[in-house]
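Worksheet for the structure shown next.
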Amino acid sequence: MKLLIIEDEQALNASMVSYLQAGGYTCDTALNYHEGSRLLSDQHYTCVLIDLTLPGGNGLDLVRLIKKNSPDTGIIIISAKNALDDKITGLELGADDYLTKPFHLSELNARLRSVIRRRNFNGQKVIKIGNLEVFPESAEAHVKGQKLTLTKKEYDLLLYFVTNKNRVLTKDSIAEHLWGDHIENLDSLDFVYTHIKNLRRKLVEAGGEDPITTVYGMGYKFTF
Amino acid sequence: MRILTKTSLYYLLVSVIVFLLGGLSFYKILQTEIYDEVDDQLFTDKENIIEYIRRHNELPSVTSGISEAIIVRETSAGVGALEALSDTLIFSTYDEEYVPFRKLTFTTYQDGKPFEYTILKSLMDFEDLFESTMLAMAWIFVLLLVGLAGVNYFINKYNWRNFYDTLERAKRYSLTQRKPLLLKPTDTQEFQELNEVLQAMTGKIHNDYLNLKEFTENASHEIQTPLAIVSSKLELFMQSDNLTQAQAAMLEEMHASINRLSRLNRSLILLTRIENREFSENEVIPFHELLQEQLDQLHEMMLMHDIQVEIEAMEPVFVEMNIGLCEILISNLLLNAIRHNSTGGIIRISLKAEELCIRNSGEPLQEEPVTLFERFRSGNKLSGSMGIGLALVSKISELYLLTPSYTYEEGLHVLRLKFPKKNS
């Protein structure tokens with residue numbers, strides 16, 4: 001799957017490329033509006049990540065351009081502005097999602113996956129990892145063909161892990177993914193711990209191995 | 001006391017004193033004049049009587065003078081040649097009261113025999129004249145007083161109107177409005193100076209305020225990108241395989257701090273945007289439904305802390321707000337009630353047409369409740385809050401004319417949010 005990352009901050013651009021490439025994506029990068037529009041007219045991308053404030057033009061114009069030329073390309077807007085108007089305009093223009101800087105790379109990855117899944121109707125309807133199967137359409141998970149009874153949060157957590165498999169996920173990023181901004185500075189880390197404990201227990205009880213490891217205290221990793 | 005009332009009162013006070021003194025002097029002068037006049041008449045009568053006796057060598061008939069009464073009495077010799085003026089009261093049977101008289105007593109000789117003459121002159125007429133004059137004067141004084149005070153009041157009022165206009169505008173002036181302070185020009189020099197000083201001052205303050213706001217805004221926005229870079233690099237760093245435990249711990253701490261900074265920055269940007277009135281899209285929102293939604297979302301968190309929620313009232317309330325801000329408002333109030341609660345505590349919620357009231361158990365506050373709604377105030381440093389939640393509540397409330405208040409009652413923290421009165 002081919003991605004285009006249009007972001008003028010070289011360092012941030014490189015981080016995204018590095019994280020996403022490790023996830024199996026091919027990434028093209030553009031550092032300004034013109035590079036972006038040139039690449040967009042030459043190539044076809046599965047999904048494009050666009051920063052709104054670009055040297056040489058407004059990212060929203062690129063969104064319009066993509067919608068016109070290749071409507072099946074997914075679009076995620078990345079902005080430092082967090083302006084509601086931009087968000088609304090962006091989504092109205094046809095962007096699939098909107099992320100505000102700073103964000104967790106794991107969150108970006110999860111959003112990206114979700115956009116691709118939603119857009120790619122013929123694509124993979126089940127994510128298989130060993131004896132674990134996750135069905136995003138019906139929000140179900142099976143172990144050895146047997147359905148797991150998961151709460152909504154536990155399922156979200158599992159999907160987040162699966163999407164970012166083999167990556168260290170920090171407790172903060174998990175908490176933010178599950179509860180959004182609401183969680184702000186509550187002692188959310190305890191919840192994360194509780195949910196992970198429950199998820200692990202359910203996975204093990206269903207006969208699977210415990211795929212979640214604690215990485216030093218930094219966070220958790222779903223390994224296979 | 002208003003300056004108009006004050007000047008009018010001073011004016012009245014001075015006028016009354018002046019009029020009293022004036023009246024008193026007038027009374028004295030008039031009295032002296034009247035006595036002089038009466039005495040003159042008495043002496044004229046005396047001269048006439050003596051002249052008559054000298055010419056005719058007999059006593060004059062009583063009616064010949066201008067006096068009211070002349071009493072002649074033989075007197076023993078040796079006492080005579082006396083002349084005395086005095087006041088006396090004589091009972092008048094006609095008026096049935098004592099009437100004031102002026103009396104001149106003198107002695108003269110007829111055929112070598114001394115006779116004592118007493119000439120009496122009624123002061124009644126003079127007294128009447130005196131009284132009517134004083135009354136007329138008093139009326140003139142009173143009318144003059146009232147008239148002058150009134151004129152003075154209206155002139156003052158007219159003169160001060162520009163001042164009151166300036167005062168009213170200055171009162172209504174708010175820094176957060178983007179309009180400069182506009183004052184009516186006036187031809188009174190002092191007021192014009194006052195206006196100029198006020199305008200220059202507010203202009204300067206306004207500029208400083210804008211600069212500061214712009215700085216905060218720019219700083220917050222510019223911080224976002226570097227934060228994003230650091231955060232993403234840290235996340236990549238964490239993926240390295242060969243980290244030692246100590247390194248991992250350091251990375252974790254850095255990551256947590258960056259996260260905290262990001263959230264703080266996000267909240268600050270939100271505050272600024274509320275101040276800038278960037279949330280203009282308002283709609284009528286079912287407040288009770290949003291409250292229920294937020295309660296459901298936070299249900300898990302409350303279970304975790306073993307906090308009991310009691311809903312005392314949940315009346316349908318509709319408010320006109322931006323839905324995003326309304327959510328932030330409610331969730332911050334609820335989070336606040338959870339954060340500053342004790343394990344096994346309670347939260348009582350009552351939503352009525354006039355107010356939302358959230359009570360929660362917890363330790364009493366260490367500091368003044370008024371500071372609660374300010375930024376970076378957190379009652380309890382241990383709770384890890386940055387004290388921005390209630391500042392957000394306060395800002396949003398300000399925007400929508402809601403009135404938040406805090407009290408501590410019967411061991412419970414009580415946060416009330418009064419809804420604005422509907423103009424129906």
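Residue names in the structure tokens use chain letters A, B, ... in the order shown, residue numbers from 1 in each chain, and ligand numbers from 1 in the order shown.
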Proximity of chain A to chain B: per-residue shortest pair, 7 Å limit, only C-alpha atoms, as CSV:
residue,atom,partner,partner_atom,distance
A:Ala11,CA,B:Ile229,CA,6.3
A:Leu12,CA,B:Ile229,CA,4.9
A:Ser15,CA,B:Ser232,CA,6.0
A:Tyr19,CA,B:Leu236,CA,6.8
A:Ala80,CA,B:Gln224,CA,5.8
A:Lys81,CA,B:His221,CA,6.5
A:Lys101,CA,B:Ala228,CA,5.6
A:Pro102,CA,B:Ala228,CA,3.9
A:Phe103,CA,B:Ala228,CA,6.3
A:His104,CA,B:Ser232,CA,6.5
A:Leu105,CA,B:Ser232,CA,6.1
A:Arg167,CA,B:Gln239,CA,6.1
A:Val168,CA,B:Gln239,CA,5.8
A:Asn185,CA,B:Ser385,CA,5.8
A:Leu186,CA,B:Arg339,CA,6.9
A:Tyr216,CA,B:Gln245,CA,6.0
A:Gly217,CA,B:Ala249,CA,6.6
A:Met218,CA,B:Glu252,CA,4.9
_Residues near B:Thr166, anyone? I mean within 9 Å using only C-alpha atoms, not counting same-chain ones fewer than 4 positions away, as a list in words._
Arg161, Asn162, Ala170, Lys171, Leu182, Leu183, Lys184, Phe191, Leu194 and Asn195 of chain B
Next, write the just-selected residues to a file, as an mmCIF file, in the first residue's frame, keeping N, CA and C atoms as the atom set.
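Contents of the output file again_2.cif:
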data_model
loop_
_atom_site.group_PDB
_atom_site.id
_atom_site.type_symbol
_atom_site.label_atom_id
_atom_site.label_comp_id
_atom_site.auth_asym_id
_atom_site.auth_seq_id
_atom_site.Cartn_x
_atom_site.Cartn_y
_atom_site.Cartn_z
ATOM 1 N N ARG B 161 -23.428 66.164 32.216
ATOM 2 C CA ARG B 161 -23.978 65.059 31.417
ATOM 3 C C ARG B 161 -22.879 64.335 30.635
ATOM 4 N N ASN B 162 -21.899 65.085 30.149
ATOM 5 C CA ASN B 162 -20.806 64.470 29.397
ATOM 6 C C ASN B 162 -19.988 63.547 30.285
ATOM 7 N N ALA B 170 -17.279 53.989 30.041
ATOM 8 C CA ALA B 170 -16.103 53.366 30.645
ATOM 9 C C ALA B 170 -16.515 52.124 31.423
ATOM 10 N N LYS B 171 -17.698 52.197 32.062
ATOM 11 C CA LYS B 171 -18.193 51.052 32.818
ATOM 12 C C LYS B 171 -18.454 49.882 31.890
ATOM 13 N N LEU B 182 -14.947 54.465 22.838
ATOM 14 C CA LEU B 182 -15.306 55.689 22.109
ATOM 15 C C LEU B 182 -16.063 56.608 23.048
ATOM 16 N N LEU B 183 -15.580 57.861 23.202
ATOM 17 C CA LEU B 183 -16.230 58.795 24.102
ATOM 18 C C LEU B 183 -16.674 60.017 23.322
ATOM 19 N N LYS B 184 -17.831 60.577 23.746
ATOM 20 C CA LYS B 184 -18.361 61.768 23.069
ATOM 21 C C LYS B 184 -17.451 62.953 23.338
ATOM 22 N N PHE B 191 -13.510 67.731 31.186
ATOM 23 C CA PHE B 191 -14.092 66.466 30.742
ATOM 24 C C PHE B 191 -13.428 65.998 29.457
ATOM 25 N N LEU B 194 -10.290 64.456 30.492
ATOM 26 C CA LEU B 194 -10.576 63.150 31.083
ATOM 27 C C LEU B 194 -10.809 62.120 29.975
ATOM 28 N N ASN B 195 -11.609 62.487 28.997
ATOM 29 C CA ASN B 195 -11.891 61.585 27.881
ATOM 30 C C ASN B 195 -10.616 61.192 27.155
#
*Mind giving me the straight-line distance from atom CA of B:Ile53 to atom CA of B:Gln41 in Å, one decimal?*
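For atom CA of B:Ile53 relative to atom CA of B:Gln41, the distance reads 18.4 Å.
Atom CA of B:Val317 is found 6.0 Å from atom CA of B:Pro286.
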*Apply DSSP to the structure's backbone, then extract all residues of stretch 56-182 of chain A labelled strand (DSSP E or B) and return them as an MDAnalysis selection string.*
chainID A and resid 57:58 74:79 97:100 127:129 132:135 140:143 146:147 168:170
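What separates atom CA of B:Gly150 from atom CA of B:Asp187 is a distance of 23.2 Å.
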*Do you know which residues are at most 6 Å from stretch 412-414 of chain B counting only C-alpha atoms, after dropping those on the same chain fewer than 2 positions away, and could you put them as number ranges by chain?*
B: 358-361, 406-410
Prev. selection, N, CA and C atoms, output as an mmCIF file, in the first residue's frame:
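Written out: result-v4.cif:
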data_model
loop_
_atom_site.group_PDB
_atom_site.id
_atom_site.type_symbol
_atom_site.label_atom_id
_atom_site.label_comp_id
_atom_site.auth_asym_id
_atom_site.auth_seq_id
_atom_site.Cartn_x
_atom_site.Cartn_y
_atom_site.Cartn_z
ATOM 1 N N ILE B 358 -23.758 20.013 41.203
ATOM 2 C CA ILE B 358 -22.988 18.782 41.360
ATOM 3 C C ILE B 358 -22.318 18.812 42.726
ATOM 4 N N ARG B 359 -22.664 17.824 43.551
ATOM 5 C CA ARG B 359 -22.060 17.739 44.879
ATOM 6 C C ARG B 359 -21.159 16.528 44.923
ATOM 7 N N ASN B 360 -20.014 16.665 45.500
ATOM 8 C CA ASN B 360 -19.187 15.479 45.670
ATOM 9 C C ASN B 360 -18.465 15.503 46.998
ATOM 10 N N SER B 361 -18.239 14.293 47.517
ATOM 11 C CA SER B 361 -17.511 14.188 48.768
ATOM 12 C C SER B 361 -16.038 14.439 48.488
ATOM 13 N N TYR B 406 -19.008 28.044 43.801
ATOM 14 C CA TYR B 406 -18.542 26.928 44.600
ATOM 15 C C TYR B 406 -18.830 27.163 46.069
ATOM 16 N N THR B 407 -19.319 26.138 46.737
ATOM 17 C CA THR B 407 -19.444 26.219 48.195
ATOM 18 C C THR B 407 -19.079 24.866 48.785
ATOM 19 N N TYR B 408 -18.833 24.856 50.081
ATOM 20 C CA TYR B 408 -18.573 23.602 50.774
ATOM 21 C C TYR B 408 -19.672 23.460 51.811
ATOM 22 N N GLU B 409 -20.547 22.456 51.601
ATOM 23 C CA GLU B 409 -21.692 22.316 52.495
ATOM 24 C C GLU B 409 -21.780 20.904 53.031
ATOM 25 N N GLU B 410 -21.897 20.779 54.310
ATOM 26 C CA GLU B 410 -22.089 19.487 54.978
ATOM 27 C C GLU B 410 -21.109 18.442 54.474
#
If we count only C-alpha atoms and set the cut-off at 7 Å, which residues sit around stretch 39-56 of chain A, ignoring sequence neighbours fewer than 5 positions away in its own chain? Please answer as a tab-separated table (two decimals) with N, CA and C atoms, in the first residue's frame.
chain	number	residue	atom	x	y	z
A	1	MET	N	0.84	-1.19	0.00
A	1	MET	CA	0.00	0.00	0.00
A	1	MET	C	0.87	1.24	0.00
A	2	LYS	N	0.50	2.17	-0.83
A	2	LYS	CA	1.35	3.34	-1.04
A	2	LYS	C	0.74	4.59	-0.40
A	3	LEU	N	1.57	5.27	0.36
A	3	LEU	CA	1.10	6.47	1.05
A	3	LEU	C	1.88	7.68	0.58
A	4	LEU	N	1.22	8.85	0.67
A	4	LEU	CA	1.93	10.10	0.43
A	4	LEU	C	1.81	10.95	1.69
A	5	ILE	N	2.95	11.40	2.17
A	5	ILE	CA	2.94	12.23	3.38
A	5	ILE	C	3.36	13.65	2.99
A	6	ILE	N	2.43	14.58	3.10
A	6	ILE	CA	2.74	15.97	2.75
A	6	ILE	C	2.83	16.75	4.06
A	7	GLU	N	4.06	16.99	4.48
A	7	GLU	CA	4.28	17.66	5.76
A	7	GLU	C	5.58	18.43	5.64
A	8	ASP	N	5.53	19.73	5.96
A	8	ASP	CA	6.70	20.57	5.72
A	8	ASP	C	7.77	20.44	6.78
A	32	ASN	N	6.36	20.41	0.48
A	32	ASN	CA	5.59	21.63	0.24
A	32	ASN	C	4.41	21.34	-0.69
A	33	TYR	N	3.64	22.38	-0.89
A	33	TYR	CA	2.40	22.26	-1.66
A	33	TYR	C	2.66	21.75	-3.08
A	34	HIS	N	3.68	22.35	-3.74
A	34	HIS	CA	3.90	22.03	-5.15
A	34	HIS	C	4.38	20.61	-5.36
A	73	THR	N	-8.97	7.64	-2.97
A	73	THR	CA	-7.82	7.79	-2.09
A	73	THR	C	-8.28	8.29	-0.72
A	74	GLY	N	-7.78	7.64	0.31
A	74	GLY	CA	-8.12	8.08	1.67
A	74	GLY	C	-7.33	9.33	2.04
A	75	ILE	N	-7.93	10.17	2.86
A	75	ILE	CA	-7.25	11.42	3.23
A	75	ILE	C	-7.31	11.62	4.74
A	76	ILE	N	-6.14	11.83	5.32
A	76	ILE	CA	-6.10	12.19	6.74
A	76	ILE	C	-5.43	13.55	6.86
A	77	ILE	N	-6.11	14.48	7.50
A	77	ILE	CA	-5.54	15.82	7.68
A	77	ILE	C	-4.79	15.87	9.01
A	78	ILE	N	-3.59	16.44	8.91
A	78	ILE	CA	-2.80	16.63	10.13
A	78	ILE	C	-2.63	18.12	10.29
A	79	SER	N	-3.03	18.66	11.44
A	79	SER	CA	-2.92	20.11	11.56
A	79	SER	C	-2.47	20.52	12.95
*Would you list, as a count of residues only, the residues of stretch 24-69 of chain B that end up in alpha helix (DSSP H) under DSSP run on this structure's backbone?*
33
*Choose the residue, out of B:Val146, B:Ala353, B:Ala337, B:Ser280, that has the smallest atom-to-atom separation from B:Pro316; count only C-alpha atoms.*
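Comparing B:Val146, B:Ala353, B:Ala337, B:Ser280 against B:Pro316, the winner is B:Ala353.
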